[in-house]
>>> print(open('my_file-v2.txt').read())   # compact mmCIF, C-alpha atoms and all ligand atoms
# COMPACT_ATOMS: atom_id res chain seq x y z
CA MET A 30 110.05 120.92 124.26
CA GLY A 31 106.64 119.71 125.09
CA ALA A 32 103.04 120.62 125.40
CA ASP A 33 100.84 119.21 128.11
CA VAL A 34 103.04 116.51 129.42
CA GLU A 35 102.09 114.48 132.44
CA PRO A 36 103.69 111.42 133.97
CA ARG A 37 102.12 108.12 133.00
CA ALA A 38 103.74 105.74 135.42
CA SER A 39 100.54 103.79 135.91
CA ARG A 40 99.99 103.10 132.26
CA ARG A 41 100.53 99.69 130.72
CA VAL A 42 101.42 98.99 127.08
CA PRO A 43 100.01 97.35 123.88
CA ARG A 44 100.78 94.19 121.96
CA ALA A 45 102.12 94.09 118.45
CA GLY A 46 100.32 93.03 115.35
CA LEU A 47 100.33 94.36 111.72
CA ARG A 48 97.56 94.85 109.42
CA GLY A 49 95.85 98.08 108.70
CA ASP A 50 93.40 99.48 106.26
CA ALA A 51 90.59 101.91 106.59
CA ALA A 52 93.02 104.52 107.75
CA PRO A 53 91.53 107.80 108.88
CA ASP A 54 92.50 111.22 107.67
CA ARG A 55 92.27 114.07 110.14
CA ARG A 56 92.00 116.87 107.68
CA ARG A 57 88.80 118.82 107.53
CA GLY A 58 86.31 116.72 105.65
CA ALA A 59 88.42 113.68 106.30
CA GLY A 60 87.06 110.55 104.74
CA VAL A 61 84.51 112.40 102.68
CA ASP A 62 86.82 114.03 100.19
CA PRO A 63 85.04 113.62 96.87
CA ARG A 64 87.84 115.25 94.93
CA ARG A 65 89.32 112.31 93.14
CA GLY A 66 90.95 112.50 89.79
CA ALA A 67 93.47 110.75 87.68
CA GLY A 68 96.34 113.16 88.16
CA ASP A 69 99.80 111.91 87.34
CA ARG A 70 100.40 108.98 89.63
CA ARG A 71 102.67 106.93 87.46
CA SER A 72 105.81 107.58 89.45
CA LEU A 73 103.97 106.78 92.68
CA ARG A 74 102.54 103.42 91.79
CA PRO A 75 102.75 100.88 94.58
CA ARG A 76 105.26 98.09 94.30
CA GLY A 77 104.30 95.03 96.26
CA ARG A 78 101.78 94.38 98.97
CA ALA A 79 104.01 93.35 101.81
CA HIS A 80 102.90 95.23 104.91
CA ARG A 81 99.66 96.82 103.91
CA LEU A 82 99.10 99.43 106.54
CA HIS A 83 96.91 101.83 104.81
CA HIS A 84 95.04 101.68 101.61
CA GLN A 85 91.66 103.23 101.43
CA GLY A 86 89.05 105.05 103.40
CA PRO A 87 86.05 103.43 104.99
CA ARG A 88 83.75 101.80 102.46
CA ARG A 89 80.64 103.57 103.52
CA ARG A 90 82.26 106.86 102.57
CA PRO A 91 83.57 107.94 99.19
CA ARG A 92 87.01 106.46 98.78
CA ARG A 93 90.02 108.65 98.93
CA ARG A 94 92.85 107.73 96.67
CA VAL A 95 95.77 106.40 98.66
CA LEU A 96 98.90 105.38 96.85
CA ARG A 97 100.58 102.39 98.36
CA LEU A 98 104.30 102.01 97.99
CA GLY A 99 104.35 98.59 99.57
CA ARG A 100 106.12 97.50 102.73
CA GLY A 101 104.16 99.77 104.98
CA ARG A 102 104.58 103.03 103.19
CA ALA A 103 101.61 104.89 101.83
CA LEU A 104 101.21 108.26 100.21
CA LEU A 105 98.10 110.25 100.90
CA PRO A 106 97.34 112.88 98.25
CA ARG A 107 96.62 116.26 99.70
CA GLY A 108 93.17 117.70 99.02
CA GLY A 109 94.52 121.21 98.37
CA ALA A 110 96.58 119.84 95.53
CA ARG A 111 93.49 119.28 93.38
CA ASP A 112 91.07 121.60 91.68
CA ALA A 113 87.29 121.36 91.96
CA GLU A 114 87.22 118.67 89.27
CA GLY A 115 89.80 116.61 91.10
CA ARG A 116 92.68 117.37 88.77
CA LEU A 117 96.13 117.63 90.25
CA VAL A 118 97.18 121.28 90.13
CA CYS A 119 100.78 120.85 91.20
CA PRO A 120 103.67 118.45 90.56
CA PRO A 121 102.88 115.04 92.12
CA ARG A 122 105.73 115.32 94.62
CA LEU A 123 104.10 118.43 96.09
CA ALA A 124 100.73 116.69 96.38
CA ILE A 125 101.90 114.25 99.03
CA ASN A 126 100.21 114.88 102.38
CA LYS A 127 101.94 112.26 104.46
CA ILE A 128 104.00 109.09 104.25
CA GLY A 129 103.47 106.46 106.92
CA HIS A 130 103.22 104.46 109.02
CA ALA A 131 106.10 102.05 109.39
CA LEU A 132 108.97 104.24 108.28
CA HIS A 133 110.90 103.37 111.44
CA ASP A 134 110.53 99.65 110.74
CA LEU A 135 111.39 99.72 107.08
CA LEU A 136 113.84 102.49 106.31
CA PRO A 137 117.28 102.60 107.99
CA GLU A 138 117.40 106.40 108.10
CA PHE A 139 114.16 106.63 110.06
CA ARG A 140 115.08 103.64 112.22
CA GLU A 141 118.32 105.34 113.26
CA PHE A 142 116.56 108.61 113.92
CA CYS A 143 113.95 106.98 116.17
CA ARG A 144 116.52 104.87 118.00
CA GLN A 145 118.32 107.94 119.29
CA PRO A 146 118.49 107.42 123.06
CA CYS A 147 116.88 110.79 123.76
CA PHE A 148 113.43 109.57 122.67
CA GLY A 149 113.40 106.45 124.85
CA GLU A 150 114.85 108.43 127.76
CA LEU A 151 112.19 111.09 127.37
CA LEU A 152 109.41 108.51 127.44
CA ARG A 153 110.89 106.75 130.45
CA ASP A 154 111.10 110.12 132.20
CA LEU A 155 107.36 110.43 131.54
CA GLY A 156 106.75 107.13 133.31
CA TYR A 157 106.93 104.47 130.61
CA ALA A 158 108.60 101.25 131.67
CA ALA A 159 109.09 99.90 128.14
CA PRO A 160 107.95 102.27 125.40
CA VAL A 161 107.31 100.80 121.96
CA LEU A 162 106.82 102.75 118.77
CA TRP A 163 103.56 102.03 117.00
CA GLN A 164 103.74 104.36 114.06
CA THR A 165 105.73 107.10 112.38
CA MET A 166 104.66 109.61 109.78
CA PHE A 167 106.35 112.20 107.61
CA ILE A 168 103.83 115.03 107.42
CA PHE A 169 104.16 117.49 104.58
CA LYS A 170 102.75 120.99 104.58
CA GLN A 171 103.79 122.42 101.27
CA PRO A 172 103.78 126.17 100.56
CA ARG A 173 100.22 127.33 99.77
CA ILE A 174 99.07 123.71 99.30
CA GLY A 175 99.34 122.22 102.80
CA GLY A 176 95.84 121.81 104.20
CA GLU A 177 94.17 122.16 107.55
CA VAL A 178 94.16 119.38 110.14
CA ARG A 179 91.01 119.75 112.20
CA TRP A 180 90.84 119.56 116.00
CA HIS A 181 91.39 116.02 117.20
CA GLN A 182 92.88 113.95 120.01
CA ASP A 183 95.33 111.20 119.14
CA ALA A 184 93.48 108.67 121.33
CA THR A 185 90.64 108.90 118.83
CA TYR A 186 92.74 107.15 116.22
CA LEU A 187 95.15 105.15 118.40
CA ILE A 188 93.14 103.20 120.97
CA SER A 189 95.10 101.64 123.81
CA GLU A 190 93.79 100.15 127.04
CA PRO A 191 94.44 101.92 129.25
CA ALA A 192 95.02 105.04 127.17
CA CYS A 193 98.80 105.34 127.05
CA VAL A 194 99.82 106.76 123.68
CA THR A 195 102.26 109.65 123.56
CA GLY A 196 102.95 111.55 120.36
CA LEU A 197 106.33 113.07 119.56
CA TRP A 198 106.02 115.73 116.87
CA VAL A 199 109.39 116.78 115.49
CA ALA A 200 109.60 120.09 113.64
CA LEU A 201 111.75 119.51 110.58
CA GLU A 202 111.41 123.17 109.67
CA ASP A 203 110.48 126.31 111.53
CA ALA A 204 106.75 126.29 112.24
CA HIS A 205 104.80 129.50 112.64
CA ARG A 206 101.27 130.78 112.24
CA ASP A 207 101.67 131.60 108.56
CA ASN A 208 102.93 128.20 107.46
CA GLY A 209 100.47 126.13 109.49
CA CYS A 210 101.98 125.51 112.93
CA LEU A 211 100.24 123.38 115.53
CA TRP A 212 97.60 124.83 117.86
CA VAL A 213 96.81 123.21 121.20
CA GLN A 214 94.50 123.78 124.14
CA PRO A 215 96.57 124.26 127.32
CA GLY A 216 95.25 121.84 129.93
CA GLY A 217 93.13 120.15 127.29
CA HIS A 218 94.70 116.75 128.03
CA ARG A 219 92.39 116.65 131.07
CA THR A 220 89.28 116.94 128.90
CA PRO A 221 87.33 113.85 127.83
CA LEU A 222 87.94 111.92 124.66
CA ARG A 223 85.38 113.28 122.21
CA GLU A 224 85.58 110.83 119.31
CA ARG A 225 86.71 107.30 118.65
CA TYR A 226 87.55 105.91 115.23
CA GLU A 227 86.77 102.21 115.06
CA VAL A 228 87.13 99.68 112.30
CA ASP A 229 84.90 96.70 111.66
CA TRP A 230 87.27 94.36 109.88
CA SER A 231 84.49 92.05 108.68
CA THR A 232 83.22 94.83 106.45
CA ARG A 233 86.45 96.87 106.43
CA THR A 234 84.43 99.86 107.48
CA GLY A 235 85.76 102.66 109.63
CA THR A 236 83.44 104.86 111.64
CA LEU A 237 84.11 107.99 113.64
CA HIS A 238 81.91 107.81 116.75
CA THR A 239 81.18 110.77 119.00
CA VAL A 240 81.73 109.55 122.55
CA ASP A 241 81.56 112.85 124.43
CA ALA A 242 79.85 116.11 123.48
CA THR A 243 82.49 118.39 124.99
CA PRO A 244 83.02 121.13 122.41
CA TRP A 245 86.34 121.63 120.69
CA PRO A 246 88.39 124.57 121.98
CA THR A 247 87.53 128.06 120.82
CA ASP A 248 90.15 130.26 119.19
CA ALA A 249 90.49 132.10 122.50
CA GLN A 250 91.38 128.84 124.29
CA ALA A 251 93.99 127.77 121.75
CA VAL A 252 97.66 128.67 121.65
CA ALA A 253 99.92 128.51 118.63
CA LEU A 254 103.03 126.38 118.98
CA GLU A 255 105.46 128.46 116.97
CA VAL A 256 108.68 126.48 117.20
CA PRO A 257 112.05 126.38 115.45
CA ALA A 258 113.22 123.40 113.44
CA GLY A 259 114.48 120.62 115.69
CA THR A 260 111.87 121.14 118.40
CA VAL A 261 110.12 118.05 119.76
CA VAL A 262 106.54 118.64 120.88
CA VAL A 263 105.21 115.96 123.25
CA PHE A 264 101.51 115.14 123.09
CA HIS A 265 99.32 113.48 125.67
CA ASP A 266 96.81 111.38 123.71
CA HIS A 267 93.84 113.43 124.99
CA LEU A 268 95.35 116.80 124.09
CA PRO A 269 93.19 118.57 121.48
CA HIS A 270 95.35 119.90 118.67
CA ARG A 271 94.99 121.15 115.13
CA SER A 272 97.00 122.88 112.40
CA SER A 273 96.03 125.42 109.79
CA HIS A 274 96.35 125.67 106.07
CA ASN A 275 99.79 126.81 104.92
CA HIS A 276 99.18 130.20 103.33
CA SER A 277 102.86 131.06 103.15
CA ALA A 278 105.64 130.57 100.64
CA THR A 279 107.59 128.29 102.97
CA SER A 280 106.98 124.64 103.76
CA ARG A 281 106.34 123.27 107.26
CA HIS A 282 107.29 119.62 107.32
CA ALA A 283 107.22 117.45 110.42
CA PHE A 284 107.98 113.90 111.51
CA THR A 285 105.77 112.24 114.10
CA MET A 286 106.23 109.20 116.31
CA HIS A 287 103.52 107.58 118.43
CA ALA A 288 104.55 105.33 121.27
CA ALA A 289 102.72 103.34 123.91
CA GLU A 290 103.60 100.99 126.76
CA LYS A 291 104.66 97.50 125.75
CA GLY A 292 101.95 95.02 126.66
CA ALA A 293 99.10 97.51 126.91
CA GLY A 294 95.86 96.50 125.28
CA TRP A 295 95.60 97.37 121.59
CA PRO A 296 92.06 96.46 120.50
CA SER A 297 91.44 94.98 117.09
CA ARG A 298 89.12 97.91 116.34
CA ASN A 299 92.22 100.07 115.82
CA TRP A 300 92.81 100.86 112.15
CA LEU A 301 96.55 100.45 112.78
CA GLN A 302 97.78 96.95 113.53
CA ARG A 303 101.26 95.43 113.41
CA PRO A 304 100.79 91.67 113.05
CA LYS A 305 104.09 91.12 111.24
CA LEU A 306 106.45 93.80 112.44
CA GLY A 307 106.73 93.04 116.13
CA ASP A 308 107.61 95.54 118.85
CA PHE A 309 109.90 98.45 118.06
CA ALA A 310 111.38 99.24 121.45
CA LEU A 311 112.61 102.74 122.22
O1 LIG B 401 101.52 118.20 111.68
C1 LIG B 401 100.31 118.49 111.60
O2 LIG B 401 99.91 119.41 110.93
C2 LIG B 401 99.30 117.70 112.38
C3 LIG B 401 99.88 116.51 113.07
C4 LIG B 401 98.88 115.83 113.95
O3 LIG B 401 97.86 116.35 114.24
C5 LIG B 401 99.14 114.51 114.48
O4 LIG B 401 100.17 113.91 114.15
O5 LIG B 401 98.32 114.01 115.27
>>> encode(input="my_file-v2.txt", output="structure tokens")
Amino acid sequence: MGADVEPRASRRVPRAGLRGDAAPDRRRGAGVDPRRGAGDRRSLRPRGRAHRLHHQGPRRRPRRRVLRLGRGRALLPRGGARDAEGRLVCPPRLAINKIGHALHDLLPEFREFCRQPCFGELLRDLGYAAPVLWQTMFIFKQPRIGGEVRWHQDATYLISEPACVTGLWVALEDAHRDNGCLWVQPGGHRTPLRERYEVDWSTRTGTLHTVDATPWPTDAQAVALEVPAGTVVVFHDHLPHRSSHNHSATSRHAFTMHAAEKGAGWPSRNWLQRPKLGDFAL
């Protein structure tokens, strides 16, 4: 279990809120995916607007189509599921990239999974006094369709003050090089934060700012995290990580949880807010 874990005893936690739009996508070309087409979305139409966590990309960029299910669940179509003209080239269920970000709040199965004592105990072992879960995602990487996730650091997209977000990435299936496993830079959690994604809610515009010119790891600096199903990979929020396209005939699905210290600062420039859901304590 784990990649680049360090104790965080000194870190404080964030407040709760809920809101959320202008959600970023970390795939290559994220936010600038011009491949939009009608496809067959009928069975995925949103029902209700309750907790709108995630609905469209930043306005200054071409909009990506995000299918809201209502009550905090959103489906992000996967770029590799479309042809050059934007037509869906696979059954709609295989085109889903991820479902998030309040699964743990809204669905009993995910709530029970996240409430398993091992997760809270793990975070307390890392130095959290009162870890709270900010978001969860089901990440799909379908055979031959699942796309690349470019190098990034989680603190780019989840801004806490001080930085105190830990990611728990749970392998739901065996992950290996061929089906798009994670790659990380050993020791990379000590490198500076390179980018910050900030939202201006007055214009509902999200912008990815470069804040440090440190280059992303080279292939020689990266290691593949080939792990069996059931493995939990623990991410420091400055750890550079990426995953590749799934070229294989087998899927590589994962479930992720991002936690931070209760009471830590959670600036309004975060795309993810929880104004209605309250704290989800682990
Ligand atoms: O599962 C993947 O392919 C990427 C997940 C990831 O980068 C993240 O959750 O931050």
>>> residues_around(input="my_file-v2.txt", residues="Gln214 of chain A", least_positions_apart="4", cutoff="9 Å", atoms="all atoms listed in the file", output="list in words")
Asp33, His218, Pro246, Thr247, Gln250, Ala251, Val252, Leu268, Pro269 and His270 of chain A
>>> atom_distance(input="my_file-v2.txt", atom1="atom CA of Leu197 of chain A", atom2="atom CA of Ala110 of chain A")
26.8 Å
>>> residues_near_ligand(input="my_file-v2.txt", ligand="ligand LIG 401 (chain B)", cutoff="7 Å", atoms="all atoms listed in the file", output="PyMOL selection string")
chain A and resi 168+178+183+198+209-211+270-272+283+285
>>> residues_near_point(input="my_file-v2.txt", point="(100.7, 113.5, 125.0)", cutoff="6 Å", atoms="all atoms listed in the file", output="MDAnalysis selection string")
chainID A and resid 34 195:196 263:266
>>> residues_around(input="my_file-v2.txt", residues="Leu132 of chain A", least_positions_apart="4", cutoff="9 Å", atoms="all atoms listed in the file", output="list in words")
Gly101, Arg102, Ile128, Leu136, Pro137, Glu138, Phe139, Arg140, Gln164, Thr165, Met166 and Phe167 of chain A
>>> closest_residue(input="my_file-v2.txt", among="A:Val262, A:Ile174, A:Cys143, A:Leu237", to="Asn126 of chain A", atoms="only C-alpha atoms")
A:Ile174
>>> residues_near_point(input="my_file-v2.txt", point="(93.1, 125.4, 108.1)", cutoff="10 Å", atoms="only C-alpha atoms", output="PDB file with C-alpha atoms, in the frame of the given file")
ATOM      1  CA  ARG A  56      92.000 116.870 107.680  1.00  0.00           C
ATOM      2  CA  ARG A  57      88.800 118.820 107.530  1.00  0.00           C
ATOM      3  CA  GLY A 175      99.340 122.220 102.800  1.00  0.00           C
ATOM      4  CA  GLY A 176      95.840 121.810 104.200  1.00  0.00           C
ATOM      5  CA  GLU A 177      94.170 122.160 107.550  1.00  0.00           C
ATOM      6  CA  VAL A 178      94.160 119.380 110.140  1.00  0.00           C
ATOM      7  CA  ARG A 179      91.010 119.750 112.200  1.00  0.00           C
ATOM      8  CA  GLY A 209     100.470 126.130 109.490  1.00  0.00           C
ATOM      9  CA  ARG A 271      94.990 121.150 115.130  1.00  0.00           C
ATOM     10  CA  SER A 272      97.000 122.880 112.400  1.00  0.00           C
ATOM     11  CA  SER A 273      96.030 125.420 109.790  1.00  0.00           C
ATOM     12  CA  HIS A 274      96.350 125.670 106.070  1.00  0.00           C
ATOM     13  CA  ASN A 275      99.790 126.810 104.920  1.00  0.00           C
ATOM     14  CA  HIS A 276      99.180 130.200 103.330  1.00  0.00           C
TER      15      HIS A 276
END
>>> closest_residue(input="my_file-v2.txt", among="A:Gly292, A:Gly217, A:Pro172, A:Pro121", to="Gly307 of chain A", atoms="only C-alpha atoms")
A:Gly292
>>> closest_residue(input="my_file-v2.txt", among="A:Asn208, A:Glu150, A:Gly156, A:Arg219", to="His267 of chain A", atoms="all atoms listed in the file")
A:Arg219
>>> atom_distance(input="my_file-v2.txt", atom1="atom CA of Glu114 of chain A", atom2="atom CA of Phe169 of chain A")
22.9 Å
>>> closest_residue(input="my_file-v2.txt", among="A:Cys193, A:Leu311, A:Leu162, A:Val240", to="Pro146 of chain A", atoms="all atoms listed in the file")
A:Leu311
>>> atom_distance(input="my_file-v2.txt", atom1="atom CA of Gly294 of chain A", atom2="atom CA of Arg225 of chain A")
15.6 Å
>>> closest_residue(input="my_file-v2.txt", among="A:Ser277, A:Gln182, A:Thr243, A:Ser189", to="Glu290 of chain A", atoms="only C-alpha atoms")
A:Ser189
>>> residues_around(input="my_file-v2.txt", residues="Lys170 of chain A", least_positions_apart="3", cutoff="6 Å", atoms="all atoms listed in the file", output="PyMOL selection string")
chain A and resi 175+280-282
>>> closest_residue(input="my_file-v2.txt", among="A:Tyr157, A:Phe309, A:Tyr226, A:Phe148", to="Leu187 of chain A", atoms="all atoms listed in the file")
A:Tyr226
>>> residues_around(input="my_file-v2.txt", residues="Leu201 of chain A", least_positions_apart="2", cutoff="9 Å", atoms="all atoms listed in the file", output="NGL selection string")
:A and (199 or 203-204 or 257-260 or 281-284)
